[in-house]
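Peer 1: Compact mmCIF, C-alpha atoms (C1' of nucleotides), saved as entry33.txt, coming up:
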# COMPACT_ATOMS: atom_id res chain seq x y z
CA MET A 1 -5.35 -25.81 -25.84
CA LYS A 2 -7.31 -28.02 -28.20
CA LEU A 3 -9.60 -26.07 -30.49
CA ALA A 4 -11.51 -29.03 -31.88
CA GLY A 5 -14.63 -30.84 -30.77
CA ARG A 6 -18.34 -30.19 -30.57
CA PRO A 7 -19.67 -26.72 -30.01
CA LEU A 8 -21.81 -26.07 -26.95
CA PRO A 9 -25.28 -27.54 -27.69
CA ALA A 10 -28.54 -25.66 -28.06
CA LYS A 11 -29.52 -26.78 -24.54
CA PHE A 12 -26.63 -24.78 -23.10
CA TYR A 13 -28.09 -21.51 -24.35
CA ALA A 14 -31.76 -22.26 -23.72
CA ARG A 15 -31.46 -21.59 -20.01
CA ASP A 16 -31.60 -18.79 -17.51
CA THR A 17 -29.48 -15.95 -18.92
CA ILE A 18 -27.53 -15.32 -15.72
CA THR A 19 -26.52 -18.99 -15.59
CA VAL A 20 -25.41 -18.89 -19.21
CA ALA A 21 -23.41 -15.71 -18.62
CA ARG A 22 -21.56 -17.36 -15.73
CA GLU A 23 -20.97 -20.65 -17.51
CA LEU A 24 -19.69 -19.02 -20.69
CA LEU A 25 -16.63 -18.01 -18.69
CA GLY A 26 -13.79 -20.32 -19.65
CA THR A 27 -15.37 -21.46 -22.92
CA LEU A 28 -13.65 -20.99 -26.27
CA LEU A 29 -14.84 -18.59 -28.96
CA ILE A 30 -13.57 -19.42 -32.45
CA HIS A 31 -13.96 -17.59 -35.74
CA ASP A 32 -12.74 -19.14 -38.97
CA THR A 33 -12.47 -16.69 -41.86
CA PRO A 34 -10.76 -16.81 -45.27
CA GLU A 35 -7.83 -15.03 -43.63
CA GLY A 36 -7.46 -17.73 -41.01
CA ARG A 37 -8.54 -18.72 -37.54
CA THR A 38 -8.69 -16.53 -34.47
CA ALA A 39 -9.80 -17.85 -31.10
CA GLY A 40 -9.86 -16.92 -27.45
CA ARG A 41 -11.06 -17.99 -24.04
CA ILE A 42 -14.02 -16.02 -22.74
CA VAL A 43 -13.05 -14.26 -19.51
CA GLU A 44 -15.75 -11.58 -19.14
CA THR A 45 -19.50 -11.47 -19.83
CA GLU A 46 -22.57 -9.42 -19.03
CA ALA A 47 -26.20 -10.53 -18.83
CA TYR A 48 -29.03 -8.48 -20.34
CA LEU A 49 -32.51 -9.45 -19.17
CA ARG A 50 -35.98 -8.77 -20.53
CA ASP A 51 -37.14 -6.66 -17.61
CA ASP A 52 -33.83 -4.82 -17.42
CA PRO A 53 -33.91 -1.18 -18.60
CA ALA A 54 -30.42 -1.47 -20.12
CA CYS A 55 -31.48 -4.36 -22.35
CA HIS A 56 -32.21 -3.53 -25.99
CA ALA A 57 -35.23 -5.81 -25.85
CA ALA A 58 -36.75 -4.31 -22.70
CA ARG A 59 -39.14 -2.03 -24.60
CA GLY A 60 -40.31 -4.61 -27.09
CA MET A 61 -39.25 -5.85 -30.50
CA THR A 62 -37.67 -3.44 -32.99
CA PRO A 63 -35.87 -4.03 -36.30
CA ARG A 64 -32.51 -4.06 -34.53
CA ASN A 65 -33.26 -6.38 -31.62
CA THR A 66 -35.42 -8.97 -33.41
CA ILE A 67 -32.61 -11.55 -33.22
CA MET A 68 -32.77 -11.40 -29.43
CA PHE A 69 -36.33 -12.76 -29.51
CA GLY A 70 -35.44 -15.65 -31.79
CA PRO A 71 -33.99 -19.06 -30.88
CA SER A 72 -31.07 -19.08 -28.46
CA GLY A 73 -27.58 -20.03 -29.59
CA ARG A 74 -27.36 -17.35 -32.25
CA ALA A 75 -25.22 -14.24 -32.45
CA TYR A 76 -26.73 -10.81 -31.84
CA VAL A 77 -24.28 -8.24 -33.22
CA TYR A 78 -24.92 -4.49 -33.22
CA LEU A 79 -23.03 -1.28 -33.87
CA ILE A 80 -22.32 0.95 -30.89
CA TYR A 81 -21.26 4.60 -31.03
CA GLY A 82 -21.16 4.35 -34.80
CA MET A 83 -17.74 2.72 -34.56
CA TYR A 84 -17.60 -0.64 -32.79
CA TRP A 85 -19.43 -3.93 -33.00
CA CYS A 86 -20.68 -5.74 -29.91
CA PHE A 87 -21.03 -9.53 -29.99
CA ASN A 88 -23.77 -11.14 -27.92
CA VAL A 89 -25.07 -14.67 -27.50
CA VAL A 90 -28.85 -15.04 -27.57
CA THR A 91 -30.15 -16.99 -24.56
CA ALA A 92 -33.38 -18.27 -22.98
CA SER A 93 -36.49 -19.43 -24.84
CA LYS A 94 -37.71 -18.27 -28.21
CA GLY A 95 -39.83 -15.19 -27.68
CA VAL A 96 -37.79 -14.03 -24.67
CA GLY A 97 -35.50 -11.11 -25.54
CA GLU A 98 -32.37 -11.82 -23.52
CA ALA A 99 -28.67 -12.15 -24.35
CA VAL A 100 -25.14 -12.26 -22.98
CA LEU A 101 -22.59 -9.67 -24.10
CA ILE A 102 -19.12 -11.16 -24.57
CA ARG A 103 -16.81 -8.48 -23.19
CA ALA A 104 -13.32 -9.96 -23.17
CA LEU A 105 -11.19 -12.88 -24.35
CA GLU A 106 -7.79 -14.27 -23.57
CA PRO A 107 -6.21 -14.75 -27.03
CA LEU A 108 -5.47 -18.41 -27.84
CA GLU A 109 -4.87 -18.63 -31.56
CA GLY A 110 -4.30 -16.35 -34.52
CA ALA A 111 -1.87 -13.94 -32.92
CA GLU A 112 -0.61 -12.69 -36.25
CA LEU A 113 -4.13 -11.96 -37.50
CA MET A 114 -5.20 -10.33 -34.26
CA SER A 115 -2.10 -8.19 -34.22
CA ARG A 116 -2.76 -7.04 -37.76
CA ARG A 117 -6.43 -6.31 -37.10
CA ARG A 118 -5.82 -4.48 -33.84
CA GLY A 119 -2.94 -2.36 -34.95
CA ARG A 120 -0.59 -1.06 -32.35
CA ALA A 121 -1.69 -2.78 -29.15
CA GLU A 122 -0.17 -5.30 -26.80
CA PRO A 123 -1.48 -8.91 -26.84
CA LYS A 124 -3.33 -8.71 -23.54
CA SER A 125 -5.28 -5.72 -24.92
CA TRP A 126 -6.25 -7.31 -28.22
CA CYS A 127 -9.55 -8.60 -26.84
CA SER A 128 -9.97 -6.76 -23.53
CA GLY A 129 -13.30 -5.13 -24.38
CA PRO A 130 -16.34 -5.85 -26.55
CA GLY A 131 -15.33 -3.54 -29.39
CA LYS A 132 -11.78 -4.83 -29.32
CA LEU A 133 -12.59 -8.53 -29.53
CA ALA A 134 -15.00 -7.89 -32.40
CA LEU A 135 -12.15 -6.24 -34.28
CA ALA A 136 -9.64 -8.97 -33.40
CA LEU A 137 -11.96 -11.81 -34.49
CA ASN A 138 -13.47 -9.84 -37.38
CA ILE A 139 -17.01 -10.07 -36.06
CA GLY A 140 -19.43 -7.54 -37.52
CA LYS A 141 -22.72 -6.99 -39.31
CA ALA A 142 -22.29 -10.18 -41.36
CA GLN A 143 -22.40 -12.28 -38.19
CA ASN A 144 -25.67 -10.89 -36.86
CA GLY A 145 -28.10 -13.79 -36.54
CA VAL A 146 -25.71 -16.61 -37.39
CA SER A 147 -25.86 -19.89 -35.45
CA LEU A 148 -23.12 -20.60 -32.94
CA LEU A 149 -23.97 -24.32 -32.94
CA ARG A 150 -22.22 -24.94 -36.26
CA GLY A 151 -20.35 -22.92 -38.84
CA PRO A 152 -17.37 -20.61 -38.80
CA LEU A 153 -18.34 -18.76 -35.60
CA ARG A 154 -18.79 -21.14 -32.70
CA ILE A 155 -18.19 -21.70 -29.00
CA LEU A 156 -16.58 -24.85 -27.59
CA PRO A 157 -16.57 -26.08 -24.01
CA GLY A 158 -13.50 -24.99 -22.07
CA GLY A 159 -11.54 -26.98 -19.57
CA PRO A 160 -12.17 -26.76 -15.86
CA VAL A 161 -12.36 -23.22 -14.56
CA PRO A 162 -10.03 -22.86 -11.59
CA GLU A 163 -10.44 -19.12 -11.23
CA ARG A 164 -13.02 -17.55 -9.03
CA VAL A 165 -15.86 -15.75 -10.75
CA HIS A 166 -16.06 -12.09 -9.85
CA VAL A 167 -19.50 -10.43 -9.98
CA THR A 168 -19.86 -6.67 -10.45
CA THR A 169 -22.18 -4.08 -11.96
CA ARG A 170 -22.09 -3.65 -15.72
CA ILE A 171 -19.89 -1.24 -17.64
CA GLY A 172 -21.06 1.83 -19.50
CA ILE A 173 -24.80 1.77 -18.82
CA GLN A 174 -27.09 4.24 -17.06
CA ALA A 175 -30.40 2.57 -16.23
CA GLY A 176 -29.97 -0.71 -14.40
CA ALA A 177 -26.45 0.31 -13.44
CA GLU A 178 -26.80 -1.13 -9.93
CA LEU A 179 -27.57 -4.70 -11.03
CA PRO A 180 -24.82 -7.31 -10.44
CA LEU A 181 -24.84 -8.76 -13.94
CA ARG A 182 -21.19 -8.62 -15.00
CA PHE A 183 -19.04 -11.72 -14.58
CA TYR A 184 -15.33 -12.20 -15.05
CA LEU A 185 -12.58 -14.60 -14.15
CA GLU A 186 -10.65 -13.25 -11.22
CA GLY A 187 -6.98 -12.95 -12.02
CA SER A 188 -7.36 -12.70 -15.77
CA LEU A 189 -5.09 -10.12 -17.33
CA CYS A 190 -7.46 -9.69 -20.28
CA VAL A 191 -10.64 -8.33 -18.67
CA SER A 192 -11.79 -4.87 -19.73
CA ARG A 193 -11.71 -3.45 -16.20
CA LYS A 194 -10.81 -4.87 -12.81
C1' DG B 1 -37.78 14.65 -41.71
C1' DG B 2 -35.09 15.61 -37.57
C1' DA B 3 -32.69 15.07 -33.27
C1' DA B 4 -30.76 12.84 -29.42
C1' DC B 5 -28.27 9.09 -27.91
C1' DG B 6 -25.37 4.98 -27.16
C1' DA B 7 -23.77 -2.40 -23.67
C1' DT B 8 -16.72 1.92 -26.69
C1' DT B 9 -12.17 3.15 -27.47
C1' DG B 10 -7.82 5.55 -27.73
C1' DA B 11 -5.69 9.80 -27.56
C1' DT B 12 -4.93 14.15 -24.75
C1' DT C 1 -11.54 14.36 -19.97
C1' DC C 2 -13.04 14.22 -24.70
C1' DA C 3 -13.82 13.51 -29.61
C1' DA C 4 -14.83 10.13 -33.24
C1' DT C 5 -18.89 8.49 -35.90
C1' DC C 6 -23.45 6.63 -37.52
C1' DG C 7 -27.45 3.43 -37.04
C1' DT C 8 -31.52 3.15 -34.18
C1' DT C 9 -35.30 4.96 -31.94
C1' DC C 10 -38.55 8.17 -30.97
C1' DC C 11 -40.76 12.54 -31.66
C1' DT C 12 -43.05 15.94 -34.83
Transcribe the structure of this file into structure tokens.
Peer 2:
Amino acid sequence: MKLAGRPLPAKFYARDTITVARELLGTLLIHDTPEGRTAGRIVETEAYLRDDPACHAARGMTPRNTIMFGPSGRAYVYLIYGMYWCFNVVTASKGVGEAVLIRALEPLEGAELMSRRRGRAEPKSWCSGPGKLALALNIGKAQNGVSLLRGPLRILPGGPVPERVHVTTRIGIQAGAELPLRFYLEGSLCVSRK
DNA sequence: GGAACGATTGAT
DNA sequence: TCAATCGTTCCT
């Protein structure tokens, strides 16, 4: 897998959030840090929409969710349960508070780093959940608001996507639980739940 | 100022 | 099934 080339352009993100969530499947998430490079193929996403009660932005702008209302193509990173970071991609037009949660990756590069950061866990579980992949790629508070169009944290186009896309309800939410807004590559061993 | 809660995870 | 753990949000 070649991890070079141009990141996905701004136009990719400035679209309907459900479309972006689907089309992010198969793309490549890369994080270069002083420790080295870690990268993986996105295999699971969830869409969060402005009129969706589970979306942080559904009840208007707050200090935490301000990034979601800004330009698309940036990272929205927040702390959940006081312990884990969740990495999202901001989508749609400026002023529209929507994003895609990246829920799972298939590890592609940086096995040694991921192994060290994830402790005792098998490779297919390094990035099989939002909190896990944030740990494996060392994504946290410092990445909130950064551009994904250039810089150390970026997303490159993937190859063709042969797998079927599976659509289900989202994981771990109460309100809006019935909405079919979770997408994953059927057959992937690295999704958070099948 | 205080309290309830959460887009999770790993151990029991 | 359950605890860990703390920033955010909302209420007083």
Peer 1: May I have the protein, DNA and RNA residues with an atom at most 12 Å from (-29.8, 12.5, -27.4), counting all atoms listed in the file in the file's coordinates, returned as a list in words?
Peer 2: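 Within the cut-off we find DG2, DA3, DA4, DC5 and DG6 of chain B; DT8, DT9, DC10 and DC11 of chain C.
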Peer 1: Within 7 Å of chain A, which residues belong to chain C? Use only C-alpha atoms (C1' of nucleotides) and report them as a PyMOL selection string.
Peer 2: chain C and resi 5-7
Peer 1: List as a PyMOL selection string the residues having at least one atom at most 6 Å from position (-5.1, -16.2, -30.6) as given in the file, counting all atoms listed in the file.
Peer 2: chain A and resi 38-40+107-111
Peer 1: Quick one: residues within 12 Å of DA11 in chain B, only C-alpha atoms (C1' of nucleotides), excluding same-chain residues fewer than 3 positions away - as a list of chain:residue names?
Peer 2: C:DT1, C:DC2, C:DA3, C:DA4
Peer 1: Any chance you can output those residues with C-alpha atoms (C1' of nucleotides) as a PDB file, keeping the file's coordinate frame?
Peer 2:
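Output below, filename out-v8.pdb:
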ATOM      1  C1'  DT C   1     -11.540  14.360 -19.970  1.00  0.00           C
ATOM      2  C1'  DC C   2     -13.040  14.220 -24.700  1.00  0.00           C
ATOM      3  C1'  DA C   3     -13.820  13.510 -29.610  1.00  0.00           C
ATOM      4  C1'  DA C   4     -14.830  10.130 -33.240  1.00  0.00           C
TER       5       DA C   4
END
Peer 1: Chain B near chain A within 8 Å: what's each residue's closest atom pair and its distance in Å to one decimal, counting only C-alpha atoms (C1' of nucleotides), ordered by chain then ascending residue number, as a Markdown table?
Peer 2:
| residue | atom | partner | partner_atom | distance |
| --- | --- | --- | --- | --- |
| B:DG6 | C1' | A:Tyr81 | CA | 5.7 |
| B:DA7 | C1' | A:Ile173 | CA | 6.5 |
| B:DT8 | C1' | A:Gly131 | CA | 6.2 |
| B:DT9 | C1' | A:Gly131 | CA | 7.6 |
Peer 1: Could you write those residues out with C-alpha atoms (C1' of nucleotides), as a PDB file, in the frame of the given file?
Peer 2:
ATOM      1  C1'  DG B   6     -25.370   4.980 -27.160  1.00  0.00           C
ATOM      2  C1'  DA B   7     -23.770  -2.400 -23.670  1.00  0.00           C
ATOM      3  C1'  DT B   8     -16.720   1.920 -26.690  1.00  0.00           C
ATOM      4  C1'  DT B   9     -12.170   3.150 -27.470  1.00  0.00           C
TER       5       DT B   9
END
Peer 1: Just give me the gap between CA of Val165 in chain A and CA of Glu186 in chain A in Å, one decimal is fine.
Peer 2: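 Here the two named atoms are 5.8 Å from each other.
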Peer 1: Can you measure CA of Ala14 in chain A to CA of Arg193 in chain A for me? One decimal in Å is fine.
Peer 2: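 Interatomic distance, CA of Ala14 in chain A to CA of Arg193 in chain A: 28.5 Å.
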Peer 1: What is the CA of Gly36 in chain A-CA of Leu3 in chain A distance in Å, reported with one decimal?
Peer 2: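 The value is 13.6 Å.
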Peer 1: The centre and edge lengths of an axis-aligned box containing all atoms of range 48-58 of chain A present in the file, extended by 6 Å on each side, are to be given in Å to one decimal, as lines of an AutoDock Vina configuration file.
Peer 2:
center_x = -33.1
center_y = -5.3
center_z = -21.7
size_x = 20.1
size_y = 20.3
size_z = 20.6
